[in-house]
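See below for the structure under consideration.
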Amino acid sequence: MAEERITDIGPPNYEQFLPPVIKKNYGKWDHHEILKPGVMVHVAESGDKLFTVRCGTPRLLAITSIRKFADIADKYCDGHLRWTSRNNVEFLLTDESKIEALIAEVEEYGFPIGGMGNCISNIVHTQGWVHCHSAASDASGTVKAVMDELMPHFQNMELPAKLRVAYACCLNMCGAVHCSDIAILGVHTRAPVIEHDDLPKMCEIPTLVASCPTGAIRPATVDGVQSVEIVDEQCMFCGNCYTVCPAVKINNAQTDGISIWVGGKVSNARVAPKFSKLAIPFIPNNPPRWPEVVDAVVKIINVYAENARKHERMGEWIDRIGWPKFFELTDIEFTKYHIDDFKHAGETYMRTAQLRH
Amino acid sequence: MAEERITDIGPPNYEQFLPPVIKKNYGKWDHHEILKPGVMVHVAESGDKLFTVRCGTPRLLAITSIRKFADIADKYCDGHLRWTSRNNVEFLLTDESKIEALIAEVEEYGFPIGGMGNCISNIVHTQGWVHCHSAASDASGTVKAVMDELMPHFQNMELPAKLRVAYACCLNMCGAVHCSDIAILGVHTRAPVIEHDDLPKMCEIPTLVASCPTGAIRPATVDGVQSVEIVDEQCMFCGNCYTVCPAVKINNAQTDGISIWVGGKVSNARVAPKFSKLAIPFIPNNPPRWPEVVDAVVKIINVYAENARKHERMGEWIDRIGWPKFFELTDIEFTKYHIDDFKHAGETYMRTAQLRH
Amino acid sequence: MTEMKYKTPLLDELEKGPWPSFVKEMKKEAHRPMVQDAIGQLERSYEEHISHWKHGGLVGVMGYGGGVIGRYSDLPEEFPEVAAFHTHRVNQPSAWFYTSEALRTLCDIWERHGSGLTNMHGSTGDIVFLGSTTEEIEPLFADLTKHGFDLGGSGSNMRTPSCCVGPARCEWACYDTLDACYNITQEFQDELHRPFFPYKYKFKFAGCPNDCVASIARSDCSVMGTWKDEIQVNQAAVLDYAKTVDIDAEICDLCPTRCVEWDGKTLEIDNSNCVKCMHCINVMPKALKPGKERGATILIGGKAPIIGGALLCSVFVPFLEMDKDSDYEDLKELTEAIWDLWGEHGKLRERVGEFIQRVGMSNFLEEIGLDPVPEMVMAPRSNPYIFFDDEIFE
Amino acid sequence: MTEMKYKTPLLDELEKGPWPSFVKEMKKEAHRPMVQDAIGQLERSYEEHISHWKHGGLVGVMGYGGGVIGRYSDLPEEFPEVAAFHTHRVNQPSAWFYTSEALRTLCDIWERHGSGLTNMHGSTGDIVFLGSTTEEIEPLFADLTKHGFDLGGSGSNMRTPSCCVGPARCEWACYDTLDACYNITQEFQDELHRPFFPYKYKFKFAGCPNDCVASIARSDCSVMGTWKDEIQVNQAAVLDYAKTVDIDAEICDLCPTRCVEWDGKTLEIDNSNCVKCMHCINVMPKALKPGKERGATILIGGKAPIIGGALLCSVFVPFLEMDKDSDYEDLKELTEAIWDLWGEHGKLRERVGEFIQRVGMSNFLEEIGLDPVPEMVMAPRSNPYIFFDDEIFE
Ligand code: SRM
Ligand code: SRM
Ligand code: SRM
Ligand code: SRM
Ligand code: SF4
Ligand code: SF4
Ligand code: SF4
Ligand code: SF4
Ligand code: SF4
Ligand code: SF4
Ligand code: SF4
Ligand code: SF4
């Protein structure tokens, strides 16, 4: 007989994973200080100190690497480590003297230390061609190519403020890129192609019709098959129809590509959270290193770094200087695509004569 | 034989009505100064001076009064005067010594001097029961009742900034009240009653159905007549159906009334123009002096006057202190009606944790 | 005073109080039976809390589609003198300048043909003659035109343009609002008098961003004066103001882009970041003035709530020269392009602001032949629902 | 290193450069045929600029509706080892704390049943096991639960909640994010594992308004720590900061309500106007701390663009006590009320944020039984299209 099936136990209780210094000072931390890029100390009311060494990862990790991290944690941290909300590893130590050796070993293994303070941390990203069917571009590849160039900003803290880059491979935006300082977003740019023979077998037509935000999909009989047709002019390539119906193919090797968005943020610090706004509508896919995407991101960051004031996130800086100036400084062309035309478009029009001339 | 019909001549050329000092210094004014409430001087580059004395009116003027103004203008202003964009009269003089006598005569005739600088100027308003079929309340009467109380603010300049009050008797908002520091707005609160017998004679059903912003109107056959029906829950009492079809009666003696809106502005000074926002959803009509409306307006103005900083318009002040504080200070209840539910409602939700607690 | 036909205890209450009374005004013309009945019916409205005017009714001047608002009493038996009580919208002179003579002419005309009651002025800007009969419409019109006046707009046409006092008296006018208003009104007489648009179209001319005619809120096309170069500063006069104005708090802190600096001696303006809001100039009119390279921002699409919700105008042309000598050709061309497009594709009762939202600003611009510029939006789109064309591959 | 089955010149390019390479990571597990084929197929995608995964396919654990994402190759003949290549979402411990032992346990389990490739972590927070076959789904699950782990969410259910490091390491945590996250996850195991909602529902717990888990943008329910009373100020430490921080420019000028004053000696905060943005505290962590009366703001409705456009969460309860001892009863009650209402009336694939917009916030509140408060909106409505009830006459 099989053992009794265990279900619904939920995740393990986090308490068992906390290092003793945390258990002791839980909720009683007094302050922290970033000692140098990637290294910070938290000081408890008790005077106890907890050192954190942060290391960048590609997020996609082999268990080989994870085991190596476990070994390192055993060696320097009594086996304690955590991951951050942006896919970095944090080694947790109480013995300050072990920090340098720890860093050396992590770097030796090929992982950089940094991502703390006013810097570029890891790029939150998604599956891309590695695992998703919807991807308009690869995630891991673009991220790698971009981060190779942004490494200095990961390893130092010389930016005006934190700069969060995120990547999502389609409009589903699993990376929730919509509130990032810089968002790189895979986009489809052609209406889906319908496989009429498969459609009736695989999909419910009413659900499919209802899935389209712009009402571009209509039931239709094609070659005697009950199927749908898509009004090309009404399609804005969101891919939602594909999500609900595999027979509606949105991926297109020729016309898929990447768009770039800027000025979003999440924190409530200083100004309210903001959505990212369109900077570059379209750059064709150019694997393996997407040089045009990398250049565009680097250019925007350089202009920002040169012009923004201390503590000013990308979006705060742009709001201060105005969007016309942003386009001027970055040499990006303002096109008809930049003007919103979705439901609340009218709310984005400039309804004041307050203008720089 | 009739004379030849003259048409399309347009308005008389304004040049013939300009006083000589203006003709001479047209476009060459150097600066101005408000000498006292209702009196200002404009100094030209040439050194010439033009004095303006501003006088409040009820806008609805008898030709008797207009002739009197003409006489006064002849006596003190070489026959020159103008009206302002807020229905005040401006007497235009070059001889400073005549100002006091002019003022005395105007006041003697029953018209106040003021409405300049940081004050309450005339209430821009509309027809009301005097001439319009759509009016949910009277315009001239409410305005008179309110201005009787606000007179001191018309005659002095002790407010933090300009305060523009406007009145419109229905949602058509002919007074364009939607961008006023305080807007008083007549509202219907019940769905229109349909006169099914008249409807087919008077109205085109498709136009009528299309006129409803919320799609509350449906074609229907009632007692054998081709007519329409209104889905009560979908009606928000805009009256647009009545505008296109007289057989759909929106006026209702029992349920029409007044709402109060605050914080709008038009100028681009400091902050962009703003819409007024709902303060009090409904006050029943209480002619002849609408005491509840008057009290509400006076209360809001007093709180504003006590709390706002110099140069701060109503809306700027509220934005600084936050809406919760506005409701607290004015003792106005925040209700479900205050939360928008029209097309862009979602854009008004508070999408940040930046809150005063 | 004339004896009153009806007892009006409610309206009489509104003769009291310091603000000039519209009831007194009405009574001043009560020697006309029409006004007696207007007062009587109004008292009835005060008693019953409801309007006693019936809906619309098409009346008008021969050959014109607008300018007269038909109005009929719903109690014609009780108040026969106001059975018909139409208003006439008479096109005002630019910036509402009059001579006493012109006013008397208008009063005399109105005395001959109507109630003697007016609105000075209507919300759109017209001289409003309040109440006459159907029979008087043509004679009144003839009398008006004979004396150099004409009707303004109503219905689905260009409405009576209006303008601020501008260069006639204001030191801040960045273009000649009176001339522009007059010129445009004359140019488009046909469009003013003969409704052929999907809905109304209003022009308002403001000499600077203070917008003293509320153009951004109350017109379909706001022509708002502005400038390109540097604010003119008289430092000596600034020092003078410093005695009474807290320049840091009242100016520097309130400048929307914080581009004004004051060190106690000199006022420095970073003009590249000045958004021409007027505030610093407003507070120190003797010390500061708009720049010398002047023109206007053209904004379009403002309106009241009906049907799709109220709109403020939005930027259409960030900066347009408003040279008198050019006869405002650019503005006229743009206007005609807008009217053609909206005239052809606008829905019934769809204002141009709603039309632009429906078809999309980018499509609208493309059809009009204007390039999109970032000044037109507060920010680029945040939603990724982009209608891509083939040209992205170029 | 293992010999590679396919030539991958394009992917090999991504082994170069300083940032750790995902290609190297994949190759580290290339001793498994499945990984060889995953690499081969990925190279093909790089050549052809297109994904070679097929759409979805329902696979899962017996009795669960979520936690496994089915994935099939569209080139199964060429890459048979990844014909099926499903991911498993394993519910992470609160705040992603591990011991080396726990990590090794996870690695061992994954080694036994799948590719050995992971995402640490998925965007929602799960440990993502990347790639196994349909046959291994049940054995993997048994192995996981035996070792104290369980699956996270996918499909139309509650998704795996996540939280910031909070009181475990951060001095600013205004409530116990780790405990709350764990408690809610355990409470709603059924809702996590068995899809019965109109669409997904995500919880994220942030200890303060810095929102280090991006809860306001990435969850349907953001529980954001905050405080009610005064910011704790250590004036001596402020003086110390004044040596390196330009307090006027870096703090006073950047405070959103400008409620911080600095006279060179003492920092004065007008706490009644502090909106708890965290900025001043962020800049001077040794000198300033959140107040002592702590709790959380509950915001709801955040989501990515599909279908109706992206939304940030909006304020639902301005301040809620987050006392551990109360077992988060209030939050649970609110959550159940939301789920009941949305569950009954939400449309298929309509997130709660979209649902609220469709039915109207006021109606939503009325059904949930919460009173409207002005903190819920940036401003009251500006359009006059009000659905009045009879109660206005009360
Ligand atoms: C470790 C981590 C939380 C976790 O549970 O994993 C964390 C930890 C800290 N955050 Fe954070 N934040 C973390 C993600 C975030 C995020 C979420 C994100 O990036 O997706 C945000 C919102 C970002 C945004 O607005 O777009 C975030 C916004 C902040 C802010 C506000 C920054 C701002 O000015 O807008 C602060 C305050 C500061 O740094 O001055 C802050 C401050 C801090 C402090 C100083 C808190 C403390 O006292 O310990 C921690 C170290 C700061 C640092 O890394 O520079 N943390 N922090 C996350 C590290 C991510 C990483 O690996 O890079
Ligand atoms: C006469 C008039 C123009 C006309 O052609 O008729 C006019 C004339 C002047 N306005 Fe105005 N404004 C006039 C309507 C307006 C309007 C329109 C309205 O009220 O409907 C506005 C926009 C109001 C709004 O924002 O809601 C307006 C916003 C301003 C402002 C900006 C005020 C602000 O801070 O927001 C100024 C600057 C100032 O006063 O400091 C200004 C300044 C001026 C100056 C000082 C201009 C000048 O140098 O001559 C004039 C005298 C000011 C005064 O009355 O205090 N004028 N002014 C209008 C008088 C109306 C009246 O009888 O009260
Ligand atoms: C007379 C006047 C009010 C006043 O007392 O001053 C007026 C009176 C009427 N307006 Fe108006 N509007 C008047 C200025 C306005 C303004 C203000 C402005 O022009 O600056 C507005 C708001 C700005 C705008 O255009 O959006 C305005 C927005 C409306 C609307 C709503 C339009 C919209 O798109 O939202 C309607 C409804 C309609 O057009 O059917 C309307 C309709 C009407 C009608 C014709 C009522 C109707 O449904 O038939 C009113 C006739 C009343 C009467 O008995 O005379 N009236 N109307 C104003 C014209 C006088 C003049 O020519 O000077
Ligand atoms: C694995 C993961 C991306 C990653 O690489 O980390 C992911 C992967 C997928 N997401 Fe996601 N989403 C993931 C986090 C998110 C997030 C971020 C978050 O939770 O913080 C979002 C944005 C926030 C939100 O919920 O709105 C997100 C918004 C979506 C959407 C759009 C939802 C919307 O309402 O706009 C879809 C479309 C759908 O649900 O049909 C989607 C759908 C999908 C599907 C299931 C694709 C599909 O249509 O079937 C992807 C499966 C990919 C694969 O092959 O494994 N995924 N998805 C993340 C889950 C891992 C985990 O459990 O930890
Ligand atoms: S963003 Fe799109 S393509 Fe990328 S993982 Fe999510 S659903 Fe898949
Ligand atoms: S891609 Fe989006 S817009 Fe185009 S048909 Fe599909 S659902 Fe509609
Ligand atoms: S606001 Fe309404 S009721 Fe008043 S005049 Fe205009 S249309 Fe008539
Ligand atoms: S009043 Fe407005 S909402 Fe009501 S039925 Fe008429 S048009 Fe529709
Ligand atoms: S809008 Fe400008 S130019 Fe015109 S009157 Fe007002 S302040 Fe003067
Ligand atoms: S006009 Fe306005 S924006 Fe320009 S400097 Fe003066 S206050 Fe600043
Ligand atoms: S959200 Fe606040 S409490 Fe949580 S880790 Fe970030 S700063 Fe600390
Ligand atoms: S937390 Fe933010 S709002 Fe509060 S005092 Fe500090 S900077 Fe100002």
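Residue numbering restarts at 1 in every chain; chains get A, B, ... in the order shown in the structure tokens, and ligands count up from 1 in that same order.
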Taking only C-alpha atoms and all ligand atoms into account, report as a ChimeraX atom specification which residues have an atom no farther than 8 Å from an atom of ligand 12.
-> /A:269-270 /B:354 /D:231,251-252,254-260,269-271,273-281,290
If we count only C-alpha atoms, what is near Tyr14 of chain B at a cut-off of 12 Å, once residues fewer than 4 positions away on the same chain are taken out, given as a PyMOL selection string?
-> (chain B and resi 10+18-19+22-23+82) or (chain C and resi 91-99+102+148-149+162-163+165+168+177-183)
Which polymer residues have any atom within 9 Å of an atom of segment 319-333 of chain A, counting only C-alpha atoms, with same-chain residues fewer than 2 positions away left out, as a list in words?
->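 Selected residues are Gly263, Ala279, Ile280, Ala296, Lys299, Ile300, Val303, Tyr304, Met314, Gly315, Glu316, Trp317, Thr335, Leu355 and Arg356 of chain A; Thr257, Asn273, Val373, Pro374, Glu375, Val377, Met378, Ala379 and Pro380 of chain C.
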Serialized selection, N, CA and C atoms, as a PDB file, in the first residue's frame:
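Saved result, result-v6.pdb, follows:
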```pdb
ATOM      1  N   GLY A 263      10.920  55.214 -16.527  1.00  0.00           N
ATOM      2  CA  GLY A 263      10.380  56.161 -15.554  1.00  0.00           C
ATOM      3  C   GLY A 263       9.380  55.600 -14.560  1.00  0.00           C
ATOM      4  N   ALA A 279       9.355  54.599 -24.243  1.00  0.00           N
ATOM      5  CA  ALA A 279      10.483  55.359 -24.783  1.00  0.00           C
ATOM      6  C   ALA A 279      10.731  54.951 -26.236  1.00  0.00           C
ATOM      7  N   ILE A 280      10.955  53.659 -26.458  1.00  0.00           N
ATOM      8  CA  ILE A 280      11.230  53.180 -27.818  1.00  0.00           C
ATOM      9  C   ILE A 280      10.216  52.100 -28.173  1.00  0.00           C
ATOM     10  N   ALA A 296      20.562  51.082 -26.421  1.00  0.00           N
ATOM     11  CA  ALA A 296      19.489  51.992 -26.018  1.00  0.00           C
ATOM     12  C   ALA A 296      19.425  52.114 -24.503  1.00  0.00           C
ATOM     13  N   LYS A 299      22.453  54.027 -23.198  1.00  0.00           N
ATOM     14  CA  LYS A 299      22.325  55.452 -23.518  1.00  0.00           C
ATOM     15  C   LYS A 299      21.394  56.156 -22.533  1.00  0.00           C
ATOM     16  N   ILE A 300      20.265  55.549 -22.300  1.00  0.00           N
ATOM     17  CA  ILE A 300      19.301  56.167 -21.375  1.00  0.00           C
ATOM     18  C   ILE A 300      19.917  56.287 -19.980  1.00  0.00           C
ATOM     19  N   VAL A 303      22.547  59.100 -19.836  1.00  0.00           N
ATOM     20  CA  VAL A 303      21.950  60.439 -19.818  1.00  0.00           C
ATOM     21  C   VAL A 303      21.352  60.715 -18.436  1.00  0.00           C
ATOM     22  N   TYR A 304      20.668  59.726 -17.914  1.00  0.00           N
ATOM     23  CA  TYR A 304      20.091  59.864 -16.567  1.00  0.00           C
ATOM     24  C   TYR A 304      21.188  60.132 -15.540  1.00  0.00           C
ATOM     25  N   MET A 314      14.596  57.679 -12.050  1.00  0.00           N
ATOM     26  CA  MET A 314      14.419  58.013 -13.472  1.00  0.00           C
ATOM     27  C   MET A 314      13.149  58.840 -13.732  1.00  0.00           C
ATOM     28  N   GLY A 315      12.030  58.370 -13.207  1.00  0.00           N
ATOM     29  CA  GLY A 315      10.747  59.036 -13.473  1.00  0.00           C
ATOM     30  C   GLY A 315      10.658  60.406 -12.814  1.00  0.00           C
ATOM     31  N   GLU A 316      11.271  60.539 -11.654  1.00  0.00           N
ATOM     32  CA  GLU A 316      11.268  61.841 -10.989  1.00  0.00           C
ATOM     33  C   GLU A 316      12.107  62.834 -11.782  1.00  0.00           C
ATOM     34  N   TRP A 317      13.221  62.338 -12.297  1.00  0.00           N
ATOM     35  CA  TRP A 317      14.073  63.197 -13.112  1.00  0.00           C
ATOM     36  C   TRP A 317      13.335  63.654 -14.362  1.00  0.00           C
ATOM     37  N   THR A 335       7.209  59.539 -31.603  1.00  0.00           N
ATOM     38  CA  THR A 335       6.388  59.122 -32.749  1.00  0.00           C
ATOM     39  C   THR A 335       4.924  59.056 -32.355  1.00  0.00           C
ATOM     40  N   LEU A 355       4.290  75.034 -20.657  1.00  0.00           N
ATOM     41  CA  LEU A 355       5.219  74.380 -21.581  1.00  0.00           C
ATOM     42  C   LEU A 355       6.537  75.128 -21.595  1.00  0.00           C
ATOM     43  N   ARG A 356       7.599  74.391 -21.812  1.00  0.00           N
ATOM     44  CA  ARG A 356       8.882  75.023 -22.121  1.00  0.00           C
ATOM     45  C   ARG A 356       8.907  75.268 -23.630  1.00  0.00           C
TER      46      ARG A 356
ATOM     47  N   THR C 257       8.306  74.766 -11.740  1.00  0.00           N
ATOM     48  CA  THR C 257       9.526  74.007 -12.027  1.00  0.00           C
ATOM     49  C   THR C 257      10.676  74.473 -11.142  1.00  0.00           C
ATOM     50  N   ASN C 273      13.841  76.242 -18.207  1.00  0.00           N
ATOM     51  CA  ASN C 273      12.886  75.435 -17.458  1.00  0.00           C
ATOM     52  C   ASN C 273      11.624  76.176 -17.068  1.00  0.00           C
ATOM     53  N   VAL C 373       4.329  65.730 -31.285  1.00  0.00           N
ATOM     54  CA  VAL C 373       5.473  66.213 -30.502  1.00  0.00           C
ATOM     55  C   VAL C 373       5.182  65.922 -29.034  1.00  0.00           C
ATOM     56  N   PRO C 374       6.230  65.728 -28.249  1.00  0.00           N
ATOM     57  CA  PRO C 374       5.991  65.327 -26.851  1.00  0.00           C
ATOM     58  C   PRO C 374       5.246  66.367 -26.032  1.00  0.00           C
ATOM     59  N   GLU C 375       5.246  67.612 -26.468  1.00  0.00           N
ATOM     60  CA  GLU C 375       4.502  68.646 -25.746  1.00  0.00           C
ATOM     61  C   GLU C 375       3.004  68.354 -25.719  1.00  0.00           C
ATOM     62  N   VAL C 377       1.514  65.675 -24.874  1.00  0.00           N
ATOM     63  CA  VAL C 377       1.100  64.743 -23.821  1.00  0.00           C
ATOM     64  C   VAL C 377       1.813  65.045 -22.513  1.00  0.00           C
ATOM     65  N   MET C 378       1.165  64.697 -21.411  1.00  0.00           N
ATOM     66  CA  MET C 378       1.815  64.807 -20.123  1.00  0.00           C
ATOM     67  C   MET C 378       2.919  63.777 -20.018  1.00  0.00           C
ATOM     68  N   ALA C 379       2.671  62.635 -20.606  1.00  0.00           N
ATOM     69  CA  ALA C 379       3.666  61.573 -20.639  1.00  0.00           C
ATOM     70  C   ALA C 379       3.306  60.652 -21.785  1.00  0.00           C
ATOM     71  N   PRO C 380       4.290  59.945 -22.306  1.00  0.00           N
ATOM     72  CA  PRO C 380       3.964  58.937 -23.319  1.00  0.00           C
ATOM     73  C   PRO C 380       3.083  57.849 -22.705  1.00  0.00           C
TER      74      PRO C 380
END
```
Closest-contact table, chain A side, partner ligand 6, 12 Å, counting only C-alpha atoms and all ligand atoms, as JSON lines:
```
{"residue": "A:Ser134", "atom": "CA", "partner": "ligand 6", "partner_atom_place_in_ligand_line": "1 (S)", "distance": 11.2}
{"residue": "A:Cys170", "atom": "CA", "partner": "ligand 6", "partner_atom_place_in_ligand_line": "1 (S)", "distance": 11.2}
{"residue": "A:Leu171", "atom": "CA", "partner": "ligand 6", "partner_atom_place_in_ligand_line": "2 (Fe)", "distance": 9.7}
{"residue": "A:Asn172", "atom": "CA", "partner": "ligand 6", "partner_atom_place_in_ligand_line": "2 (Fe)", "distance": 11.0}
{"residue": "A:Val187", "atom": "CA", "partner": "ligand 6", "partner_atom_place_in_ligand_line": "1 (S)", "distance": 10.6}
{"residue": "A:His188", "atom": "CA", "partner": "ligand 6", "partner_atom_place_in_ligand_line": "1 (S)", "distance": 8.3}
{"residue": "A:Thr189", "atom": "CA", "partner": "ligand 6", "partner_atom_place_in_ligand_line": "1 (S)", "distance": 9.0}
{"residue": "A:Arg190", "atom": "CA", "partner": "ligand 6", "partner_atom_place_in_ligand_line": "1 (S)", "distance": 8.1}
{"residue": "A:Ala191", "atom": "CA", "partner": "ligand 6", "partner_atom_place_in_ligand_line": "4 (Fe)", "distance": 5.4}
{"residue": "A:Pro192", "atom": "CA", "partner": "ligand 6", "partner_atom_place_in_ligand_line": "1 (S)", "distance": 6.1}
{"residue": "A:Val193", "atom": "CA", "partner": "ligand 6", "partner_atom_place_in_ligand_line": "5 (S)", "distance": 9.4}
{"residue": "A:Ile194", "atom": "CA", "partner": "ligand 6", "partner_atom_place_in_ligand_line": "5 (S)", "distance": 10.0}
{"residue": "A:Thr207", "atom": "CA", "partner": "ligand 6", "partner_atom_place_in_ligand_line": "7 (S)", "distance": 10.8}
{"residue": "A:Leu208", "atom": "CA", "partner": "ligand 6", "partner_atom_place_in_ligand_line": "7 (S)", "distance": 8.0}
{"residue": "A:Val209", "atom": "CA", "partner": "ligand 6", "partner_atom_place_in_ligand_line": "7 (S)", "distance": 8.1}
{"residue": "A:Ala210", "atom": "CA", "partner": "ligand 6", "partner_atom_place_in_ligand_line": "7 (S)", "distance": 8.5}
{"residue": "A:Ser211", "atom": "CA", "partner": "ligand 6", "partner_atom_place_in_ligand_line": "7 (S)", "distance": 5.7}
{"residue": "A:Cys212", "atom": "CA", "partner": "ligand 6", "partner_atom_place_in_ligand_line": "7 (S)", "distance": 3.6}
{"residue": "A:Pro213", "atom": "CA", "partner": "ligand 6", "partner_atom_place_in_ligand_line": "8 (Fe)", "distance": 5.9}
{"residue": "A:Thr214", "atom": "CA", "partner": "ligand 6", "partner_atom_place_in_ligand_line": "3 (S)", "distance": 5.6}
{"residue": "A:Gly215", "atom": "CA", "partner": "ligand 6", "partner_atom_place_in_ligand_line": "8 (Fe)", "distance": 6.3}
{"residue": "A:Ala216", "atom": "CA", "partner": "ligand 6", "partner_atom_place_in_ligand_line": "8 (Fe)", "distance": 5.0}
{"residue": "A:Ile217", "atom": "CA", "partner": "ligand 6", "partner_atom_place_in_ligand_line": "5 (S)", "distance": 5.5}
{"residue": "A:Arg218", "atom": "CA", "partner": "ligand 6", "partner_atom_place_in_ligand_line": "5 (S)", "distance": 9.2}
{"residue": "A:Pro219", "atom": "CA", "partner": "ligand 6", "partner_atom_place_in_ligand_line": "5 (S)", "distance": 11.9}
{"residue": "A:Val228", "atom": "CA", "partner": "ligand 6", "partner_atom_place_in_ligand_line": "5 (S)", "distance": 10.0}
{"residue": "A:Glu229", "atom": "CA", "partner": "ligand 6", "partner_atom_place_in_ligand_line": "5 (S)", "distance": 8.6}
{"residue": "A:Ile230", "atom": "CA", "partner": "ligand 6", "partner_atom_place_in_ligand_line": "5 (S)", "distance": 5.7}
{"residue": "A:Val231", "atom": "CA", "partner": "ligand 6", "partner_atom_place_in_ligand_line": "5 (S)", "distance": 7.4}
{"residue": "A:Asp232", "atom": "CA", "partner": "ligand 6", "partner_atom_place_in_ligand_line": "4 (Fe)", "distance": 7.7}
{"residue": "A:Glu233", "atom": "CA", "partner": "ligand 6", "partner_atom_place_in_ligand_line": "4 (Fe)", "distance": 9.1}
{"residue": "A:Gln234", "atom": "CA", "partner": "ligand 6", "partner_atom_place_in_ligand_line": "3 (S)", "distance": 6.6}
{"residue": "A:Cys235", "atom": "CA", "partner": "ligand 6", "partner_atom_place_in_ligand_line": "4 (Fe)", "distance": 3.7}
{"residue": "A:Met236", "atom": "CA", "partner": "ligand 6", "partner_atom_place_in_ligand_line": "3 (S)", "distance": 4.5}
{"residue": "A:Phe237", "atom": "CA", "partner": "ligand 6", "partner_atom_place_in_ligand_line": "1 (S)", "distance": 3.7}
{"residue": "A:Cys238", "atom": "CA", "partner": "ligand 6", "partner_atom_place_in_ligand_line": "2 (Fe)", "distance": 3.9}
{"residue": "A:Gly239", "atom": "CA", "partner": "ligand 6", "partner_atom_place_in_ligand_line": "1 (S)", "distance": 3.9}
{"residue": "A:Asn240", "atom": "CA", "partner": "ligand 6", "partner_atom_place_in_ligand_line": "7 (S)", "distance": 4.4}
{"residue": "A:Cys241", "atom": "CA", "partner": "ligand 6", "partner_atom_place_in_ligand_line": "7 (S)", "distance": 4.1}
{"residue": "A:Tyr242", "atom": "CA", "partner": "ligand 6", "partner_atom_place_in_ligand_line": "6 (Fe)", "distance": 6.5}
{"residue": "A:Thr243", "atom": "CA", "partner": "ligand 6", "partner_atom_place_in_ligand_line": "7 (S)", "distance": 8.6}
{"residue": "A:Val244", "atom": "CA", "partner": "ligand 6", "partner_atom_place_in_ligand_line": "7 (S)", "distance": 9.0}
{"residue": "A:Cys245", "atom": "CA", "partner": "ligand 6", "partner_atom_place_in_ligand_line": "6 (Fe)", "distance": 9.6}
{"residue": "A:Pro246", "atom": "CA", "partner": "ligand 6", "partner_atom_place_in_ligand_line": "6 (Fe)", "distance": 11.3}
{"residue": "A:Ala247", "atom": "CA", "partner": "ligand 6", "partner_atom_place_in_ligand_line": "6 (Fe)", "distance": 11.3}
{"residue": "A:Val248", "atom": "CA", "partner": "ligand 6", "partner_atom_place_in_ligand_line": "6 (Fe)", "distance": 7.8}
{"residue": "A:Lys249", "atom": "CA", "partner": "ligand 6", "partner_atom_place_in_ligand_line": "1 (S)", "distance": 9.1}
{"residue": "A:Ile250", "atom": "CA", "partner": "ligand 6", "partner_atom_place_in_ligand_line": "1 (S)", "distance": 6.8}
{"residue": "A:Asn251", "atom": "CA", "partner": "ligand 6", "partner_atom_place_in_ligand_line": "1 (S)", "distance": 10.1}
{"residue": "A:Phe342", "atom": "CA", "partner": "ligand 6", "partner_atom_place_in_ligand_line": "3 (S)", "distance": 11.4}
```
Output the neighbourhood of ligand 11 as a ChimeraX atom specification, that is, all protein and nucleic acid residues with some atom at most 7 Å from the ligand, counting only C-alpha atoms and all ligand atoms.
-> /D:164-167,170-174,206-213
